[in-house]
$ cat start-v1.cif   # mmCIF, C-alpha atoms
data_entry
#
loop_
_atom_site.label_atom_id
_atom_site.label_comp_id
_atom_site.auth_asym_id
_atom_site.auth_seq_id
_atom_site.Cartn_x
_atom_site.Cartn_y
_atom_site.Cartn_z
CA MET S 324 47.93 40.05 -27.71
CA PHE S 325 51.66 40.37 -28.26
CA ASN S 326 51.37 38.88 -31.75
CA ASP S 327 49.18 41.85 -32.61
CA MET S 328 51.52 44.28 -30.89
CA LYS S 329 54.58 43.14 -32.84
CA VAL S 330 53.54 45.51 -35.61
CA TYR S 331 53.80 48.39 -33.18
CA THR S 332 56.47 47.44 -30.68
CA VAL S 333 59.76 45.63 -30.62
CA LEU S 334 60.35 42.73 -28.26
CA LEU S 335 62.70 43.02 -25.35
CA ILE S 336 65.53 40.97 -26.80
CA PHE S 337 66.38 43.64 -29.36
CA PHE S 338 66.37 46.73 -27.16
CA TYR S 339 67.50 48.23 -23.88
CA TYR S 340 64.74 49.08 -21.47
CA LEU S 341 64.51 51.53 -18.62
CA THR S 342 64.70 49.42 -15.47
CA TRP S 343 63.86 49.73 -11.82
CA THR S 344 65.47 47.56 -9.19
CA LEU S 345 66.03 47.90 -5.48
CA ALA S 346 69.64 48.78 -6.16
CA ASP S 347 68.51 51.69 -8.35
CA VAL S 348 66.47 53.30 -5.59
CA ASP S 349 68.23 55.91 -3.50
CA ILE S 350 66.69 56.16 -0.05
CA ASP S 351 67.66 59.86 0.05
CA SER S 352 65.32 60.49 -2.89
CA PHE S 353 62.47 60.07 -0.43
CA LYS S 354 63.26 63.60 0.76
CA THR S 355 61.61 64.89 -2.42
CA ILE S 356 58.35 63.09 -1.62
CA ASP S 357 55.55 64.63 0.40
CA THR S 358 56.27 63.05 3.81
CA ASN S 359 53.08 64.45 5.26
CA LEU S 360 51.27 61.58 3.56
CA THR S 361 51.48 57.84 4.01
CA LEU S 362 51.91 55.77 0.87
CA SER S 363 48.20 54.91 1.00
CA GLU S 364 47.28 58.56 1.27
CA LEU S 365 49.74 59.47 -1.48
CA TYR S 366 48.18 56.90 -3.81
CA GLU S 367 44.67 58.09 -2.95
CA SER S 368 45.66 61.71 -3.53
CA ALA S 369 47.01 60.72 -6.95
CA VAL S 370 43.71 59.06 -7.83
CA GLU S 371 41.87 62.16 -6.62
CA ALA S 372 44.04 64.36 -8.86
CA TYR S 373 43.21 62.06 -11.78
CA LEU S 374 39.48 62.25 -11.08
CA SER S 375 39.74 66.04 -10.75
CA GLU S 376 41.60 66.18 -14.08
CA ASP S 377 44.52 67.95 -12.43
CA TRP S 378 47.04 66.38 -14.77
CA ASP S 379 50.16 68.06 -13.41
CA GLU S 380 49.38 66.94 -9.89
CA CYS S 381 48.34 63.51 -11.18
CA VAL S 382 51.74 62.90 -12.75
CA LYS S 383 53.53 64.30 -9.72
CA ARG S 384 51.57 62.23 -7.19
CA PHE S 385 51.69 58.93 -9.06
CA THR S 386 55.40 59.37 -9.73
CA GLU S 387 55.99 60.06 -6.03
CA ALA S 388 53.85 57.08 -5.03
CA ILE S 389 55.77 54.71 -7.33
CA GLN S 390 59.11 55.98 -6.05
CA GLY S 391 57.88 55.88 -2.45
CA TYR S 392 56.76 52.28 -2.81
CA LYS S 393 60.17 51.26 -4.17
CA ILE S 394 61.87 52.92 -1.20
CA TYR S 395 59.42 51.33 1.23
CA LYS S 396 60.04 47.89 -0.24
CA LYS S 397 63.81 48.36 -0.40
CA THR S 398 63.96 49.43 3.23
CA ILE S 399 61.99 46.40 4.42
CA ILE S 400 64.17 44.00 2.45
CA LYS S 401 67.39 45.63 3.63
CA CYS S 402 66.15 45.45 7.22
CA ARG S 403 65.40 41.73 6.96
CA GLN S 404 68.66 40.97 5.18
CA ASN S 405 70.76 42.74 7.80
CA CYS S 406 68.90 41.13 10.67
CA ALA S 407 69.33 37.63 9.24
CA ILE S 408 73.07 38.23 8.91
CA GLU S 409 73.30 39.70 12.41
CA ALA S 410 71.43 36.77 13.96
CA GLU S 411 73.72 34.25 12.24
CA GLY S 412 76.75 35.98 13.71
CA TRP S 413 75.78 35.44 17.35
CA GLU S 414 77.08 32.64 19.50
CA PRO S 415 74.19 30.65 21.03
CA PHE S 416 73.68 30.79 24.78
CA TYR S 417 74.35 27.07 24.92
CA PRO S 418 76.54 25.15 22.44
CA GLU S 419 74.33 22.08 22.15
CA ASN S 420 71.19 22.46 20.05
CA ILE S 421 68.67 21.05 22.51
CA GLU S 422 65.11 20.71 21.15
CA ASP S 423 65.94 23.03 18.23
CA LEU S 424 66.46 25.94 20.62
CA HIS S 425 69.18 27.39 18.37
CA PHE S 426 66.48 28.04 15.76
CA TYR S 427 64.25 29.88 18.25
CA GLU S 428 67.12 31.82 19.76
CA ARG S 429 68.11 32.98 16.28
CA LYS S 430 64.55 34.06 15.53
CA ILE S 431 64.35 35.97 18.80
CA ARG S 432 67.56 37.81 17.94
CA GLN S 433 66.21 38.56 14.46
CA THR S 434 62.99 39.88 15.97
CA LEU S 435 64.85 42.32 18.23
CA CYS S 436 66.84 43.52 15.24
CA LEU S 437 63.71 43.87 13.12
CA MET S 438 62.02 45.96 15.81
CA ARG S 439 64.99 48.33 15.70
CA CYS S 440 65.48 48.67 11.96
CA ASN S 441 61.75 48.86 11.30
CA GLN S 442 62.13 52.41 12.58
CA ASP S 443 63.63 53.23 9.19
CA TYR S 444 60.33 52.84 7.43
CA LYS S 445 58.16 54.30 10.14
CA ASP S 446 59.18 57.62 8.60
CA ILE S 447 57.99 56.44 5.22
CA ALA S 448 54.68 55.41 6.69
CA ASN S 449 54.86 58.67 8.67
CA LYS S 450 53.21 57.35 11.78
CA GLU S 451 54.35 57.14 15.38
CA LYS S 452 54.17 53.38 15.15
CA LEU S 453 54.87 51.04 12.28
CA LYS S 454 52.13 51.04 9.67
CA ARG S 455 52.29 48.45 6.92
CA LEU S 456 51.01 49.34 3.48
CA PRO S 457 47.55 47.74 3.17
CA MET S 458 47.52 44.79 0.78
CA ASP S 459 44.77 46.23 -1.40
CA ILE S 460 46.91 49.34 -2.02
CA GLU S 461 50.11 47.35 -2.45
CA ARG S 462 48.36 45.24 -5.09
CA LYS S 463 47.89 48.41 -7.15
CA PHE S 464 51.67 48.73 -7.35
CA LEU S 465 52.40 45.02 -7.80
CA ASP S 466 49.87 44.68 -10.62
CA HIS S 467 50.98 47.96 -12.27
CA HIS S 468 47.53 49.51 -11.94
CA VAL S 469 49.21 52.81 -11.08
CA TYR S 470 50.35 52.97 -14.71
CA GLU S 471 46.77 52.56 -15.89
CA TYR S 472 46.15 56.02 -14.44
CA LEU S 473 49.56 57.50 -15.13
CA HIS S 474 49.53 56.98 -18.90
CA ILE S 475 46.34 59.02 -19.21
CA CYS S 476 47.82 61.83 -17.15
CA TYR S 477 50.89 61.89 -19.40
CA TYR S 478 48.69 61.88 -22.49
CA GLN S 479 46.68 64.82 -21.24
CA LYS S 480 49.95 66.74 -20.80
CA ASN S 481 50.97 65.84 -24.39
CA LEU S 482 53.85 63.71 -23.08
CA PHE S 483 53.12 61.00 -25.59
CA GLN S 484 56.29 58.92 -25.30
CA ASP S 485 55.89 58.81 -21.51
CA ALA S 486 52.27 57.83 -22.00
CA ALA S 487 53.27 54.99 -24.32
CA ASN S 488 55.85 53.75 -21.83
CA ALA S 489 53.34 53.82 -18.99
CA VAL S 490 50.57 51.98 -20.84
CA PHE S 491 53.07 49.41 -22.12
CA THR S 492 54.20 48.82 -18.52
CA PHE S 493 50.57 48.19 -17.56
CA LEU S 494 50.15 45.80 -20.50
CA VAL S 495 53.11 43.70 -19.37
CA MET S 496 50.97 42.56 -16.44
CA HIS S 497 47.65 42.71 -18.32
CA PRO S 498 48.43 41.63 -21.91
CA HIS S 499 44.78 40.94 -22.77
CA HIS S 500 43.44 44.33 -21.69
CA ASN S 501 42.03 45.29 -25.07
CA VAL S 502 41.37 48.93 -24.24
CA SER S 503 45.01 49.44 -23.33
CA VAL S 504 46.19 47.52 -26.40
CA ASN S 505 44.21 49.90 -28.60
CA THR S 506 45.45 52.87 -26.60
CA LEU S 507 49.06 51.87 -27.20
CA ARG S 508 48.35 51.53 -30.91
CA HIS S 509 46.97 55.06 -30.87
CA TYR S 510 49.94 56.45 -28.94
CA LEU S 511 52.33 54.96 -31.51
CA THR S 512 50.71 57.11 -34.20
CA LEU S 513 51.34 60.32 -32.26
CA PRO S 514 54.21 62.72 -33.00
CA GLY S 515 57.44 62.01 -31.14
CA VAL S 516 56.55 58.42 -30.25
CA HIS S 517 58.83 55.68 -31.56
CA ALA S 518 58.12 51.97 -31.18
CA ASP S 519 61.76 51.11 -30.52
CA ASN S 520 61.80 53.54 -27.59
CA VAL S 521 58.76 52.07 -25.85
CA SER S 522 59.94 50.88 -22.45
CA ASN S 523 58.71 48.66 -19.67
CA LEU S 524 59.32 50.94 -16.70
CA GLU S 525 59.39 47.98 -14.30
CA MET S 526 61.75 45.70 -16.22
CA SER S 527 63.98 43.54 -14.03
CA HIS S 528 67.53 44.83 -13.93
CA PHE S 529 69.20 41.54 -14.85
CA LEU S 530 67.58 41.61 -18.30
CA ASN S 531 69.69 44.58 -19.37
CA SER S 532 72.85 42.51 -19.00
CA TYR S 533 71.13 39.48 -20.52
CA VAL S 534 69.96 41.34 -23.63
CA THR S 535 73.31 43.02 -24.14
CA GLY S 536 75.02 39.69 -23.61
CA MET S 537 72.91 38.16 -26.37
CA SER S 538 73.85 41.02 -28.68
CA GLU S 539 77.57 40.54 -28.02
CA TYR S 540 77.18 36.78 -28.39
CA GLU S 541 75.60 37.21 -31.83
CA LYS S 542 78.54 39.43 -32.79
CA GLU S 543 80.87 36.61 -31.65
CA ASN S 544 82.32 38.91 -29.02
CA TYR S 545 82.45 36.03 -26.57
CA LYS S 546 84.66 37.60 -23.92
CA GLU S 547 82.25 40.50 -23.44
CA SER S 548 79.20 38.25 -23.64
CA ILE S 549 80.59 36.07 -20.83
CA LYS S 550 81.04 39.12 -18.64
CA LEU S 551 77.46 40.21 -19.28
CA PHE S 552 75.85 36.79 -18.82
CA GLU S 553 77.76 36.27 -15.57
CA GLN S 554 76.53 39.66 -14.36
CA SER S 555 72.99 38.79 -15.42
CA LEU S 556 73.15 35.55 -13.43
CA ARG S 557 74.31 37.37 -10.30
CA ASP S 558 71.56 39.96 -10.70
CA TYR S 559 68.94 37.26 -11.30
CA PHE S 560 69.82 35.39 -8.11
CA ASN S 561 70.02 38.62 -6.11
CA LEU S 562 66.62 39.79 -7.36
CA GLU S 563 65.02 36.45 -6.60
CA ASN S 564 66.56 36.49 -3.13
CA GLU S 565 65.18 39.99 -2.50
CA CYS S 566 61.76 38.83 -3.66
CA ARG S 567 61.93 35.81 -1.33
CA ILE S 568 62.92 38.01 1.60
CA TYR S 569 59.96 40.30 0.94
CA CYS S 570 57.72 37.22 1.16
CA GLU S 571 58.58 36.92 4.86
CA GLY S 572 56.04 39.55 5.84
CA PRO S 573 52.99 39.38 8.13
CA PHE S 574 50.21 36.87 7.60
CA ASP S 575 46.69 37.27 8.97
CA GLN S 576 45.61 33.71 9.72
CA GLY S 577 42.12 34.82 10.70
CA TRP S 578 42.01 32.48 13.68
CA HIS S 579 44.07 31.44 16.68
CA PRO S 580 45.88 28.17 15.94
CA GLU S 581 48.14 26.20 18.21
CA PHE S 582 51.82 27.15 18.39
CA THR S 583 53.00 24.48 15.93
CA SER S 584 50.12 25.10 13.52
CA LEU S 585 50.79 28.81 13.59
CA ILE S 586 54.41 28.30 12.56
CA ALA S 587 53.49 25.77 9.86
CA ASN S 588 50.76 27.97 8.41
CA HIS S 589 52.95 31.06 8.22
CA PHE S 590 55.84 29.06 6.77
CA THR S 591 53.56 27.60 4.06
CA TYR S 592 52.16 31.03 3.22
CA SER S 593 55.67 32.45 2.91
CA LEU S 594 56.97 29.47 0.93
CA LYS S 595 54.19 29.67 -1.65
CA CYS S 596 55.00 33.35 -2.08
CA LYS S 597 58.71 32.58 -2.49
CA ARG S 598 57.99 29.96 -5.11
CA SER S 599 56.30 32.61 -7.24
CA CYS S 600 59.44 34.77 -7.37
CA SER S 601 61.17 32.81 -10.11
CA ARG S 602 57.97 32.75 -12.17
CA LEU S 603 57.71 36.53 -11.94
CA LEU S 604 61.34 37.01 -12.98
CA ASN S 605 60.81 34.76 -15.98
CA TYR S 606 58.11 37.00 -17.46
CA VAL S 607 59.40 39.06 -20.35
CA ASN S 608 56.90 41.67 -21.45
CA GLY S 609 53.95 39.49 -20.48
CA GLU S 610 55.35 36.27 -21.97
CA HIS S 611 56.67 33.51 -19.73
CA ARG S 612 60.17 32.27 -20.56
CA ASP S 613 60.52 29.00 -18.67
CA ASP S 614 64.09 28.58 -19.93
CA LEU S 615 65.31 32.06 -19.05
CA LEU S 616 67.55 31.11 -16.13
CA ARG S 617 69.04 27.97 -17.62
CA SER S 618 69.61 29.68 -20.98
CA HIS S 619 72.39 31.67 -19.30
CA TYR S 620 74.36 28.44 -18.96
CA ASN S 621 73.69 27.52 -22.57
CA TYR S 622 75.21 30.77 -23.82
CA LEU S 623 78.06 30.52 -21.34
CA GLN S 624 79.05 26.98 -22.26
CA PHE S 625 79.53 27.88 -25.91
CA ALA S 626 81.20 31.22 -25.21
CA TYR S 627 83.68 29.63 -22.82
CA TYR S 628 84.34 26.89 -25.38
CA LYS S 629 85.07 29.47 -28.08
CA LEU S 630 87.62 31.07 -25.76
CA GLY S 631 89.25 27.69 -25.08
CA ASN S 632 88.16 27.49 -21.44
CA LEU S 633 86.95 23.88 -21.47
CA ALA S 634 86.72 23.62 -17.67
CA ALA S 635 84.29 26.55 -17.47
CA ALA S 636 82.39 25.32 -20.53
CA SER S 637 81.98 21.87 -18.96
CA LYS S 638 80.71 23.35 -15.71
CA ALA S 639 78.17 25.42 -17.61
CA VAL S 640 77.01 22.30 -19.48
CA GLU S 641 76.56 20.37 -16.25
CA SER S 642 74.76 23.32 -14.67
CA TYR S 643 72.33 23.50 -17.58
CA LEU S 644 71.63 19.77 -17.30
CA LEU S 645 70.56 20.24 -13.68
CA PHE S 646 67.56 22.14 -14.99
CA ASP S 647 66.92 19.92 -18.02
CA PRO S 648 68.77 16.58 -17.72
CA VAL S 649 67.30 15.12 -20.95
CA ASP S 650 68.07 18.02 -23.28
CA GLU S 651 69.48 16.23 -26.32
CA THR S 652 71.43 19.20 -27.64
CA MET S 653 73.22 19.76 -24.35
CA LEU S 654 73.89 16.04 -23.91
CA ASN S 655 75.45 16.04 -27.37
CA ASN S 656 77.54 19.06 -26.38
CA LYS S 657 78.78 17.15 -23.36
CA LYS S 658 79.62 14.16 -25.52
CA TYR S 659 81.51 16.42 -27.93
CA TYR S 660 83.50 18.09 -25.16
CA LEU S 661 84.39 14.72 -23.67
CA GLY S 662 85.82 13.73 -27.02
CA LEU S 663 88.26 16.63 -27.00
CA PRO S 664 91.79 15.66 -25.92
CA LYS S 665 92.14 18.46 -23.36
CA THR S 666 88.81 17.79 -21.61
CA ARG S 667 88.78 15.89 -18.33
CA MET S 668 85.81 14.08 -16.87
CA GLU S 669 86.26 15.89 -13.56
CA TYR S 670 85.48 19.17 -15.35
CA PHE S 671 81.82 18.13 -15.50
CA VAL S 672 80.57 19.33 -12.13
CA PRO S 673 77.75 21.87 -11.79
CA ARG S 674 78.51 25.36 -10.58
CA ASP S 675 77.86 25.99 -6.90
CA GLU S 676 75.09 28.56 -7.37
CA ALA S 677 73.22 26.35 -9.85
CA LEU S 678 73.46 23.26 -7.65
CA ALA S 679 72.30 25.13 -4.53
CA TYR S 680 69.41 26.68 -6.46
CA VAL S 681 68.15 23.40 -7.93
CA LYS S 682 68.46 21.60 -4.58
CA ARG S 683 66.42 24.27 -2.85
CA GLN S 684 63.81 24.26 -5.60
CA GLU S 685 63.44 20.49 -5.37
CA TYR S 686 63.26 20.43 -1.57
CA GLU S 687 60.61 23.15 -1.54
CA ARG S 688 58.65 21.38 -4.26
CA ARG S 689 58.58 18.19 -2.19
CA ILE S 690 57.43 20.07 0.91
CA LEU S 691 54.58 21.76 -0.94
CA ARG S 692 53.55 18.51 -2.59
CA TYR S 693 53.49 16.82 0.81
CA ILE S 694 51.39 19.63 2.24
CA SER S 695 48.96 19.44 -0.66
CA GLU S 696 48.56 15.66 -0.57
CA GLU S 697 48.52 15.08 3.18
CA PHE S 698 46.25 17.96 4.12
CA MET S 699 43.85 17.05 1.32
CA LEU S 700 43.77 13.50 2.69
CA LEU S 701 43.21 14.81 6.20
CA HIS S 702 40.42 17.05 4.92
CA GLU S 703 38.66 14.06 3.34
CA GLU S 704 39.05 11.99 6.51
CA LEU S 705 37.58 14.75 8.65
CA LYS S 706 34.76 15.25 6.17
CA GLN S 707 33.88 11.55 6.24
CA SER S 708 34.06 11.50 10.01
CA PHE S 709 31.79 14.54 10.22
CA ASN S 710 29.25 13.02 7.83
CA LYS S 711 29.30 9.74 9.75
CA THR S 712 28.71 11.53 13.05
CA ASN S 713 25.78 13.49 11.62
CA LYS S 714 24.26 10.32 10.16
CA ASN S 715 24.47 8.56 13.54
CA LYS S 716 22.79 11.52 15.20
CA GLU S 717 19.96 11.43 12.65
CA ASN S 718 19.43 7.70 13.25
CA GLN S 719 19.27 8.30 17.01
CA VAL S 720 16.58 10.92 16.54
CA HIS S 721 14.41 8.57 14.50
#
$ encode --input "start-v1.cif" --output "structure tokens"
Amino acid sequence: MFNDMKVYTVLLIFFYYLTWTLADVDIDSFKTIDTNLTLSELYESAVEAYLSEDWDECVKRFTEAIQGYKIYKKTIIKCRQNCAIEAEGWEPFYPENIEDLHFYERKIRQTLCLMRCNQDYKDIANKEKLKRLPMDIERKFLDHHVYEYLHICYYQKNLFQDAANAVFTFLVMHPHHNVSVNTLRHYLTLPGVHADNVSNLEMSHFLNSYVTGMSEYEKENYKESIKLFEQSLRDYFNLENECRIYCEGPFDQGWHPEFTSLIANHFTYSLKCKRSCSRLLNYVNGEHRDDLLRSHYNYLQFAYYKLGNLAAASKAVESYLLFDPVDETMLNNKKYYLGLPKTRMEYFVPRDEALAYVKRQEYERRILRYISEEFMLLHEELKQSFNKTNKNKENQVH
């Protein structure tokens, strides 16, 4: 789809995009939202305005719902972050970690904290007790379906650039939605709409620094590009961490397992969700960039080299190789740097954040592989046992 759209739009790497991140959302802005409605009711009222062709109210309600969801999500993440920090700061009741009781004590302390700070988003849900946003409604926000409505409302109000931005945001998540592709093509023919101004309204914040860093890098402004790529890295890790924290939500198991099974099931559910965070961050306008994170270190190694900082360049090389240890170009770079008289072998150690990230990714991958293999094996064993038992029963009847 994006090959077709290149005639009409310009890819991310050449332009700045309007971005939304948790850091961009001001909790006080919720005061402007109709607090008489829950987020579910606000979304439903927006759909009702759309169906009633009340375009002013449609834009107003969907805009409020999108902003309200960002605040809701930010508040939950902030609550969990603060409670994890608070629980880590407590001294355990007993210094020795007997039967992993330190883990359970910490979780109990976190739970008490969560029960307190959850009050912050009771107001957003506007109920006397905590009311989570139903998953079917939340999916409308996560999958950008709200923009499928919103672009039509903008169009009906002759706000054509806003309409183009909204439909493009929907297409990022649904690149093969042919109706929307054709709609965007139409919008780009309308007065006041410019392809280079079309924006993904949900673009991850770190990409602004990344794109600008690439621009400065191409201009050989290496000092500025380093600053921007370093900022992009920090933002990337922060955004992924926020995503992972949000994955620690409730899980309806649909049955009543034993204590250990309950913990294992919820952990697995949460872990699978967390593993999807990096994949989501690596989507650029509907296209997956598997090398997006490690490419930061590629740019950094050369930029640091051009500024004569061989220690930082060597660390960036080694960090990149954590992600792709057989990359011939980077291995040749390492060989070249080692041949320089001022380079020391001890420079070639990966950066702390890269090493911690790769270690965690590998550990989690092994856990999930174990779960997949062992539980599949157990399933087959139980299936064979069940079939054998049924066969014996049939033989006894005859």
$ resolve_selection --input "start-v1.cif" --expression "the PyMOL selection byres ((chain S and resi 376-393) around 7)" --output "list in words"
Leu345, Val348, Phe353, Ile356, Leu362, Leu365, Tyr366, Ser368, Ala369, Ala372, Tyr373, Leu374, Ser375, Ile394, Tyr395, Lys396, Lys397, Val469, Leu473, Cys476, Tyr477, Gln479 and Lys480 of chain S
$ write_last_selection --input "start-v1.cif" --atoms "C-alpha atoms" --output "compact mmCIF listing (two decimals), keeping the file's coordinate frame"
# COMPACT_ATOMS: atom_id res chain seq x y z
CA LEU S 345 66.03 47.90 -5.48
CA VAL S 348 66.47 53.30 -5.59
CA PHE S 353 62.47 60.07 -0.43
CA ILE S 356 58.35 63.09 -1.62
CA LEU S 362 51.91 55.77 0.87
CA LEU S 365 49.74 59.47 -1.48
CA TYR S 366 48.18 56.90 -3.81
CA SER S 368 45.66 61.71 -3.53
CA ALA S 369 47.01 60.72 -6.95
CA ALA S 372 44.04 64.36 -8.86
CA TYR S 373 43.21 62.06 -11.78
CA LEU S 374 39.48 62.25 -11.08
CA SER S 375 39.74 66.04 -10.75
CA ILE S 394 61.87 52.92 -1.20
CA TYR S 395 59.42 51.33 1.23
CA LYS S 396 60.04 47.89 -0.24
CA LYS S 397 63.81 48.36 -0.40
CA VAL S 469 49.21 52.81 -11.08
CA LEU S 473 49.56 57.50 -15.13
CA CYS S 476 47.82 61.83 -17.15
CA TYR S 477 50.89 61.89 -19.40
CA GLN S 479 46.68 64.82 -21.24
CA LYS S 480 49.95 66.74 -20.80
$ closest_residue --input "start-v1.cif" --among "S:Gln624, S:Asn632, S:Asn523, S:Asn656" --to "His467 (chain S)" --atoms "all atoms listed in the file"
S:Asn523
$ closest_residue --input "start-v1.cif" --among "S:Pro418, S:Glu669, S:Glu411, S:Ala518" --to "Ile431 (chain S)" --atoms "all atoms listed in the file"
S:Glu411
$ closest_residue --input "start-v1.cif" --among "S:Arg598, S:Asp650, S:Arg674, S:Tyr606" --to "Ala635 (chain S)" --atoms "only C-alpha atoms"
S:Arg674
$ atom_distance --input "start-v1.cif" --atom1 "CA of Gly515 (chain S)" --atom2 "CA of Ser527 (chain S)"
26.0 Å
$ closest_residue --input "start-v1.cif" --among "S:Ile460, S:Leu556, S:Leu465, S:Ile408" --to "Thr361 (chain S)" --atoms "all atoms listed in the file"
S:Ile460
$ closest_residue --input "start-v1.cif" --among "S:Asn655, S:Asn441, S:Thr666, S:Ser599" --to "Glu687 (chain S)" --atoms "all atoms listed in the file"
S:Ser599
$ atom_distance --input "start-v1.cif" --atom1 "CA of Leu633 (chain S)" --atom2 "CA of Phe529 (chain S)"
25.9 Å
$ atom_distance --input "start-v1.cif" --atom1 "CA of Ala634 (chain S)" --atom2 "CA of Arg667 (chain S)"
8.0 Å
$ closest_residue --input "start-v1.cif" --among "S:Gly412, S:Gly572, S:Gly631, S:Pro673" --to "Leu645 (chain S)" --atoms "only C-alpha atoms"
S:Pro673
$ residues_around --input "start-v1.cif" --residues "Phe493 (chain S)" --least-positions-apart "5" --cutoff "7 Å" --atoms "only C-alpha atoms" --output "list in words"
His467, His468, Tyr470 and Glu471 of chain S
$ resolve_selection --input "start-v1.cif" --expression "the PyMOL selection byres ((chain S and resi 597) around 12)" --output "ChimeraX atom specification"
/S:562-572,590-596,598-604,683-684,687-688,691
$ residues_around --input "start-v1.cif" --residues "Ala410 (chain S)" --least-positions-apart "2" --cutoff "9 Å" --atoms "all atoms listed in the file" --output "PyMOL selection string"
chain S and resi 405-408+412-414+428-433+436
$ resolve_selection --input "start-v1.cif" --expression "the PyMOL selection byres ((chain S and resi 639) around 9)" --output "PDB file with C-alpha atoms, keeping the file's coordinate frame"
ATOM      1  CA  HIS S 619      72.390  31.670 -19.300  1.00  0.00           C
ATOM      2  CA  TYR S 620      74.360  28.440 -18.960  1.00  0.00           C
ATOM      3  CA  ASN S 621      73.690  27.520 -22.570  1.00  0.00           C
ATOM      4  CA  TYR S 622      75.210  30.770 -23.820  1.00  0.00           C
ATOM      5  CA  LEU S 623      78.060  30.520 -21.340  1.00  0.00           C
ATOM      6  CA  GLN S 624      79.050  26.980 -22.260  1.00  0.00           C
ATOM      7  CA  PHE S 625      79.530  27.880 -25.910  1.00  0.00           C
ATOM      8  CA  TYR S 627      83.680  29.630 -22.820  1.00  0.00           C
ATOM      9  CA  ALA S 634      86.720  23.620 -17.670  1.00  0.00           C
ATOM     10  CA  ALA S 635      84.290  26.550 -17.470  1.00  0.00           C
ATOM     11  CA  ALA S 636      82.390  25.320 -20.530  1.00  0.00           C
ATOM     12  CA  SER S 637      81.980  21.870 -18.960  1.00  0.00           C
ATOM     13  CA  LYS S 638      80.710  23.350 -15.710  1.00  0.00           C
ATOM     14  CA  VAL S 640      77.010  22.300 -19.480  1.00  0.00           C
ATOM     15  CA  GLU S 641      76.560  20.370 -16.250  1.00  0.00           C
ATOM     16  CA  SER S 642      74.760  23.320 -14.670  1.00  0.00           C
ATOM     17  CA  TYR S 643      72.330  23.500 -17.580  1.00  0.00           C
ATOM     18  CA  LEU S 644      71.630  19.770 -17.300  1.00  0.00           C
ATOM     19  CA  PHE S 671      81.820  18.130 -15.500  1.00  0.00           C
ATOM     20  CA  VAL S 672      80.570  19.330 -12.130  1.00  0.00           C
ATOM     21  CA  PRO S 673      77.750  21.870 -11.790  1.00  0.00           C
ATOM     22  CA  ARG S 674      78.510  25.360 -10.580  1.00  0.00           C
TER      23      ARG S 674
END
$ decode --input "start-v1.cif" --residues "region 587-610 of chain S" --atoms "C-alpha atoms" --output "PDB file, in the first residue's frame"
ATOM      1  CA  ALA S 587       2.405 -18.301  36.129  1.00  0.00           C
ATOM      2  CA  ASN S 588      -0.570 -17.651  33.852  1.00  0.00           C
ATOM      3  CA  HIS S 589      -0.745 -13.947  34.663  1.00  0.00           C
ATOM      4  CA  PHE S 590       3.024 -13.586  34.321  1.00  0.00           C
ATOM      5  CA  THR S 591       2.948 -15.262  30.889  1.00  0.00           C
ATOM      6  CA  TYR S 592       0.061 -13.078  29.744  1.00  0.00           C
ATOM      7  CA  SER S 593       1.916  -9.956  30.859  1.00  0.00           C
ATOM      8  CA  LEU S 594       5.234 -11.092  29.382  1.00  0.00           C
ATOM      9  CA  LYS S 595       3.742 -11.759  25.950  1.00  0.00           C
ATOM     10  CA  CYS S 596       2.248  -8.280  26.034  1.00  0.00           C
ATOM     11  CA  LYS S 597       5.601  -6.759  27.038  1.00  0.00           C
ATOM     12  CA  ARG S 598       7.369  -8.534  24.214  1.00  0.00           C
ATOM     13  CA  SER S 599       5.094  -6.789  21.728  1.00  0.00           C
ATOM     14  CA  CYS S 600       6.169  -3.323  22.912  1.00  0.00           C
ATOM     15  CA  SER S 601       9.409  -3.211  20.939  1.00  0.00           C
ATOM     16  CA  ARG S 602       7.619  -4.451  17.822  1.00  0.00           C
ATOM     17  CA  LEU S 603       5.075  -1.648  18.112  1.00  0.00           C
ATOM     18  CA  LEU S 604       7.788   0.983  18.554  1.00  0.00           C
ATOM     19  CA  ASN S 605       9.580  -0.298  15.472  1.00  0.00           C
ATOM     20  CA  TYR S 606       6.616   0.406  13.194  1.00  0.00           C
ATOM     21  CA  VAL S 607       7.133   3.513  11.111  1.00  0.00           C
ATOM     22  CA  ASN S 608       3.989   4.522   9.263  1.00  0.00           C
ATOM     23  CA  GLY S 609       2.841   0.923   8.938  1.00  0.00           C
ATOM     24  CA  GLU S 610       6.241  -0.477   7.941  1.00  0.00           C
TER      25      GLU S 610
END
